[in-house]
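Everything on this sheet refers to the single structure shown next.
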Amino acid sequence: MIEIKDLHKSYKMGSNSLHVLKGLNFSIAEGELVAIMGSSGSGKSTLLNILGMLDEADSGTYDLDGVPIKNLNETKAAKYRNRFLGFIFQSFNLINYKSAMENVALPLYYQKVPRKEREEKALKYLAQVGLKEWAGHLPNELSGGQKQRVAIARALAAEPKVLMADEPTGALDSKTSYEVMDLIQKINDEGNTILVVTHEEDIAHMCKRIVHLKDGVIVEDKKVEQVRAAQYVK
Ligand SMILES: Nc1ncnc2c1ncn2[C@@H]1O[C@H](COP(=O)(O)OP(=O)(O)O)[C@@H](O)[C@H]1O
Ligand SMILES: [Mg+2]
């Protein structure tokens, strides 16, 4: 599903250059639940931005679902992004004057799905994240965990090939984090391919594989032998 080979990325600042990704290699198969773990500044978001086609590597290759991702113009990148990828962010990124249902329906609007079908699908995915009764509510009427579940429903609504989550539990307390991870595990059980970026070990261990980044290098890439249940124990 995802294959990167010898990926490099530097940020240029004046005459200086910061080498952030230093030759990364991995492949991710359909149906995997992978954590990209590393401390702050290790290059996780830089990597996810490249995988999400929001940025490009300086060198190396990236294939997504068999398509080489390189030199895409913004229109093409946006088209692939809509077709292949669903994003979940630390800060939810919901539109605060739109209801939960309208937020979830938005990607379908961009896919030119007719209104009635958009609304049906949005309700279906809200139900899947346990928020059917909240469809008409605005984001500021929802708790942090509920907002993130709306964001997850929105990502699912476009039926992407891969879900990419950058610190999805970063703004949530432990209990709510575990609820969100429980949902992510359930969505993965249904066959969805998911990447979770996190700096937290316990969140990483709720995934089935951990790719450990340190200073722009993969220092470990391992299968999680005992995937932690996302159940909060006080
Ligand atoms: N747009 C940018 N311009 C310059 N430096 C950047 C930019 N984005 C990130 N960096 C730097 O690159 C390094 C990796 O950042 P990032 O990928 O955001 O790490 P992480 O998500 O693991 O915290 C950090 O040192 C950060 O300061
Ligand atoms: Mg980051």
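Every chain in the structure tokens has a letter given in the order shown (A, B, ...), and although residue numbers restart at 1 in each chain, ligands are simply numbered from 1 in the order shown.
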inquiry  = Show me which residues line ligand 2, defined as having an atom within 8 Å of a ligand atom where only C-alpha atoms and all ligand atoms count, and present them as a VMD selection string.
reply    = chain A and resid 40 to 41 43 to 46 166 to 167 197
With N, CA, C and O atoms kept, could you save the residues just selected as an mmCIF file, in the first residue's frame?
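As written to disk, out.cif reads:
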data_model
loop_
_atom_site.group_PDB
_atom_site.id
_atom_site.type_symbol
_atom_site.label_atom_id
_atom_site.label_comp_id
_atom_site.auth_asym_id
_atom_site.auth_seq_id
_atom_site.Cartn_x
_atom_site.Cartn_y
_atom_site.Cartn_z
ATOM 1 N N SER A 40 9.764 14.460 20.222
ATOM 2 C CA SER A 40 9.497 15.700 19.507
ATOM 3 C C SER A 40 10.734 16.113 18.694
ATOM 4 O O SER A 40 11.851 16.041 19.196
ATOM 5 N N GLY A 41 10.524 16.480 17.440
ATOM 6 C CA GLY A 41 11.640 16.906 16.599
ATOM 7 C C GLY A 41 12.313 15.776 15.835
ATOM 8 O O GLY A 41 13.255 16.006 15.081
ATOM 9 N N GLY A 43 11.144 14.056 13.400
ATOM 10 C CA GLY A 43 10.821 14.049 11.970
ATOM 11 C C GLY A 43 9.503 13.381 11.619
ATOM 12 O O GLY A 43 9.190 13.187 10.437
ATOM 13 N N LYS A 44 8.685 13.072 12.634
ATOM 14 C CA LYS A 44 7.429 12.348 12.399
ATOM 15 C C LYS A 44 6.475 13.124 11.493
ATOM 16 O O LYS A 44 5.926 12.585 10.535
ATOM 17 N N SER A 45 6.252 14.395 11.840
ATOM 18 C CA SER A 45 5.300 15.182 11.046
ATOM 19 C C SER A 45 5.836 15.426 9.637
ATOM 20 O O SER A 45 5.068 15.410 8.670
ATOM 21 N N THR A 46 7.135 15.624 9.540
ATOM 22 C CA THR A 46 7.749 15.799 8.220
ATOM 23 C C THR A 46 7.469 14.566 7.356
ATOM 24 O O THR A 46 7.056 14.679 6.198
ATOM 25 N N ASP A 166 -1.999 12.280 12.884
ATOM 26 C CA ASP A 166 -0.826 12.910 13.495
ATOM 27 C C ASP A 166 -1.146 13.288 14.938
ATOM 28 O O ASP A 166 -1.906 14.223 15.179
ATOM 29 N N GLU A 167 -0.593 12.543 15.870
ATOM 30 C CA GLU A 167 -0.835 12.742 17.307
ATOM 31 C C GLU A 167 -2.334 12.860 17.615
ATOM 32 O O GLU A 167 -2.764 13.855 18.220
ATOM 33 N N VAL A 197 0.826 8.609 14.177
ATOM 34 C CA VAL A 197 2.048 9.257 14.651
ATOM 35 C C VAL A 197 1.864 9.598 16.123
ATOM 36 O O VAL A 197 0.839 10.161 16.514
#
message = Give me, as an MDAnalysis selection string, all polymer residues having an atom no more than 10 Å from Gly66 (chain A), counting only C-alpha atoms and skipping those fewer than 4 positions away in the same chain.
response = chainID A and resid 1:3 62
ask   = Which residues form the shell of 12 Å around ligand 1 when you count only C-alpha atoms and all ligand atoms, given as an MDAnalysis selection string?
value = chainID A and resid 9:14 16:22 36:50 54:56 89:90 165:167 170 196:200 212:217
Any chance you can output those residues with C-alpha atoms as a compact mmCIF listing (two decimals), in the first residue's frame?
# COMPACT_ATOMS: atom_id res chain seq x y z
CA LYS A 9 14.28 15.63 3.42
CA SER A 10 16.07 18.81 4.48
CA TYR A 11 14.72 22.21 5.39
CA LYS A 12 16.72 25.08 4.00
CA MET A 13 16.94 28.17 6.13
CA GLY A 14 19.10 30.86 4.59
CA ASN A 16 21.80 26.60 6.55
CA SER A 17 20.14 23.29 5.90
CA LEU A 18 18.57 20.99 8.47
CA HIS A 19 18.67 17.35 7.42
CA VAL A 20 15.46 15.96 8.95
CA LEU A 21 14.82 12.62 7.22
CA LYS A 22 17.97 10.65 6.55
CA ILE A 36 5.35 6.04 13.85
CA MET A 37 6.87 6.79 17.21
CA GLY A 38 9.59 9.21 18.19
CA SER A 39 10.30 12.14 20.46
CA SER A 40 9.50 15.70 19.51
CA GLY A 41 11.64 16.91 16.60
CA SER A 42 12.49 13.40 15.35
CA GLY A 43 10.82 14.05 11.97
CA LYS A 44 7.43 12.35 12.40
CA SER A 45 5.30 15.18 11.05
CA THR A 46 7.75 15.80 8.22
CA LEU A 47 7.40 12.15 7.22
CA LEU A 48 3.62 12.19 7.55
CA ASN A 49 3.40 15.36 5.44
CA ILE A 50 5.32 13.61 2.68
CA LEU A 54 1.36 17.79 1.57
CA ASP A 55 5.09 18.03 0.99
CA GLU A 56 7.71 16.31 -1.16
CA PHE A 89 -5.16 15.78 13.45
CA GLN A 90 -4.26 16.51 17.05
CA ALA A 165 -3.37 10.38 12.16
CA ASP A 166 -0.83 12.91 13.49
CA GLU A 167 -0.84 12.74 17.31
CA GLY A 170 -2.18 14.64 21.72
CA VAL A 196 -0.69 6.74 13.87
CA VAL A 197 2.05 9.26 14.65
CA THR A 198 2.73 9.51 18.37
CA HIS A 199 5.47 10.35 20.85
CA GLU A 200 3.81 8.16 23.50
CA HIS A 212 10.68 4.10 15.80
CA LEU A 213 12.19 7.32 14.44
CA LYS A 214 15.14 9.00 16.10
CA ASP A 215 16.83 12.08 14.66
CA GLY A 216 15.47 11.29 11.21
CA VAL A 217 16.59 7.65 11.18
ask   = Nearest to Pro107 (chain A) among A:Asp182, A:Asp63, A:Glu141, A:Glu159, with distances taken over only C-alpha atoms: which residue is it?
value = A:Glu159
key: Ala100 (chain A) environment, 9 Å, only C-alpha atoms, sequence neighbours closer than 6 positions dropped, as a list in words   = Leu94, Ala122, Leu126, Leu131, Trp134, Ala135, Gly136, His137, Leu138, Pro139, Lys147, Val150, Ala151 and Arg154 of chain A
message = According to DSSP computed on the backbone, where in region 3-225 of chain A is there strand (DSSP E or B)? Give the residues as an MDAnalysis selection string.
response = chainID A and resid 3:13 16:28 33:37 59:64 67:68 85:89 162:166 193:198 209:214 217:223
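Across A:Phe87, A:Phe26, A:Tyr110, A:Tyr80, the tightest approach to Thr61 (chain A) is made by A:Phe26 when counting only C-alpha atoms.
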A:Glu220, A:Glu74, A:Asp65, A:Glu120 ranked by distance to Ala35 (chain A), top pick (using only C-alpha atoms) = A:Glu220
Nearest residue to Val180 (chain A) from the set A:Lys208, A:Leu156, A:Gly144, A:Asn96 (distances using only C-alpha atoms) =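 Of the candidates, the smallest distance to Val180 (chain A) is held by A:Gly144.
Between CA of Glu32 (chain A) and CA of Thr193 (chain A) the separation is 5.0 Å.
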task = Within 10 Å of Asp189 (chain A), counting only C-alpha atoms, which residues show up once you throw out same-chain ones fewer than 4 positions away? Write them as a ChimeraX atom specification, please.
result = /A:31-33,183-185,193
With N, CA, C and O atoms retained, export the selected residues as a short mmCIF file (atom, residue, chain, number, x, y, z; two decimals), in the first residue's frame.
data_model
loop_
_atom_site.label_atom_id
_atom_site.label_comp_id
_atom_site.auth_asym_id
_atom_site.auth_seq_id
_atom_site.Cartn_x
_atom_site.Cartn_y
_atom_site.Cartn_z
N GLY A 31 -4.22 -3.09 5.48
CA GLY A 31 -4.75 -3.64 6.72
C GLY A 31 -3.87 -3.47 7.94
O GLY A 31 -4.25 -3.84 9.04
N GLU A 32 -2.67 -2.89 7.77
CA GLU A 32 -1.79 -2.72 8.94
C GLU A 32 -2.25 -1.55 9.82
O GLU A 32 -2.93 -0.64 9.36
N LEU A 33 -1.86 -1.64 11.08
CA LEU A 33 -2.05 -0.54 12.04
C LEU A 33 -0.67 -0.22 12.59
O LEU A 33 -0.13 -0.96 13.42
N LEU A 183 -11.37 3.08 19.30
CA LEU A 183 -12.08 3.27 18.04
C LEU A 183 -11.15 3.00 16.85
O LEU A 183 -11.53 2.31 15.90
N ILE A 184 -9.93 3.50 16.93
CA ILE A 184 -8.96 3.28 15.85
C ILE A 184 -8.68 1.78 15.68
O ILE A 184 -8.62 1.26 14.57
N GLN A 185 -8.56 1.06 16.80
CA GLN A 185 -8.35 -0.39 16.72
C GLN A 185 -9.55 -1.08 16.05
O GLN A 185 -9.39 -1.99 15.24
N THR A 193 -6.37 0.39 6.68
CA THR A 193 -4.94 0.62 6.90
C THR A 193 -4.78 1.95 7.64
O THR A 193 -5.33 2.96 7.20
#
note = Students should find that CA of Lys132 (chain A) and CA of Ala229 (chain A) are spaced 24.9 Å
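Between CA of Asn93 (chain A) and CA of Met181 (chain A) the separation is 18.1 Å.
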message = Could you check the closest approach to Lys70 (chain A) for each of A:Glu179, A:Glu117, A:Asp58, A:Glu102 and tell me which residue wins, using only C-alpha atoms?
response = A:Asp58
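Nearest residue to Thr169 (chain A), choosing from A:Ala105, A:Ile95, A:Ile203, A:Leu85 and counting only C-alpha atoms: A:Ile203.
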task = Per DSSP on the backbone, filter region 47-162 of chain A down to the residues in alpha helix (DSSP H) and report them as a PyMOL selection string.
result = chain A and resi 47-51+74-84+100-110+115-128+144-157
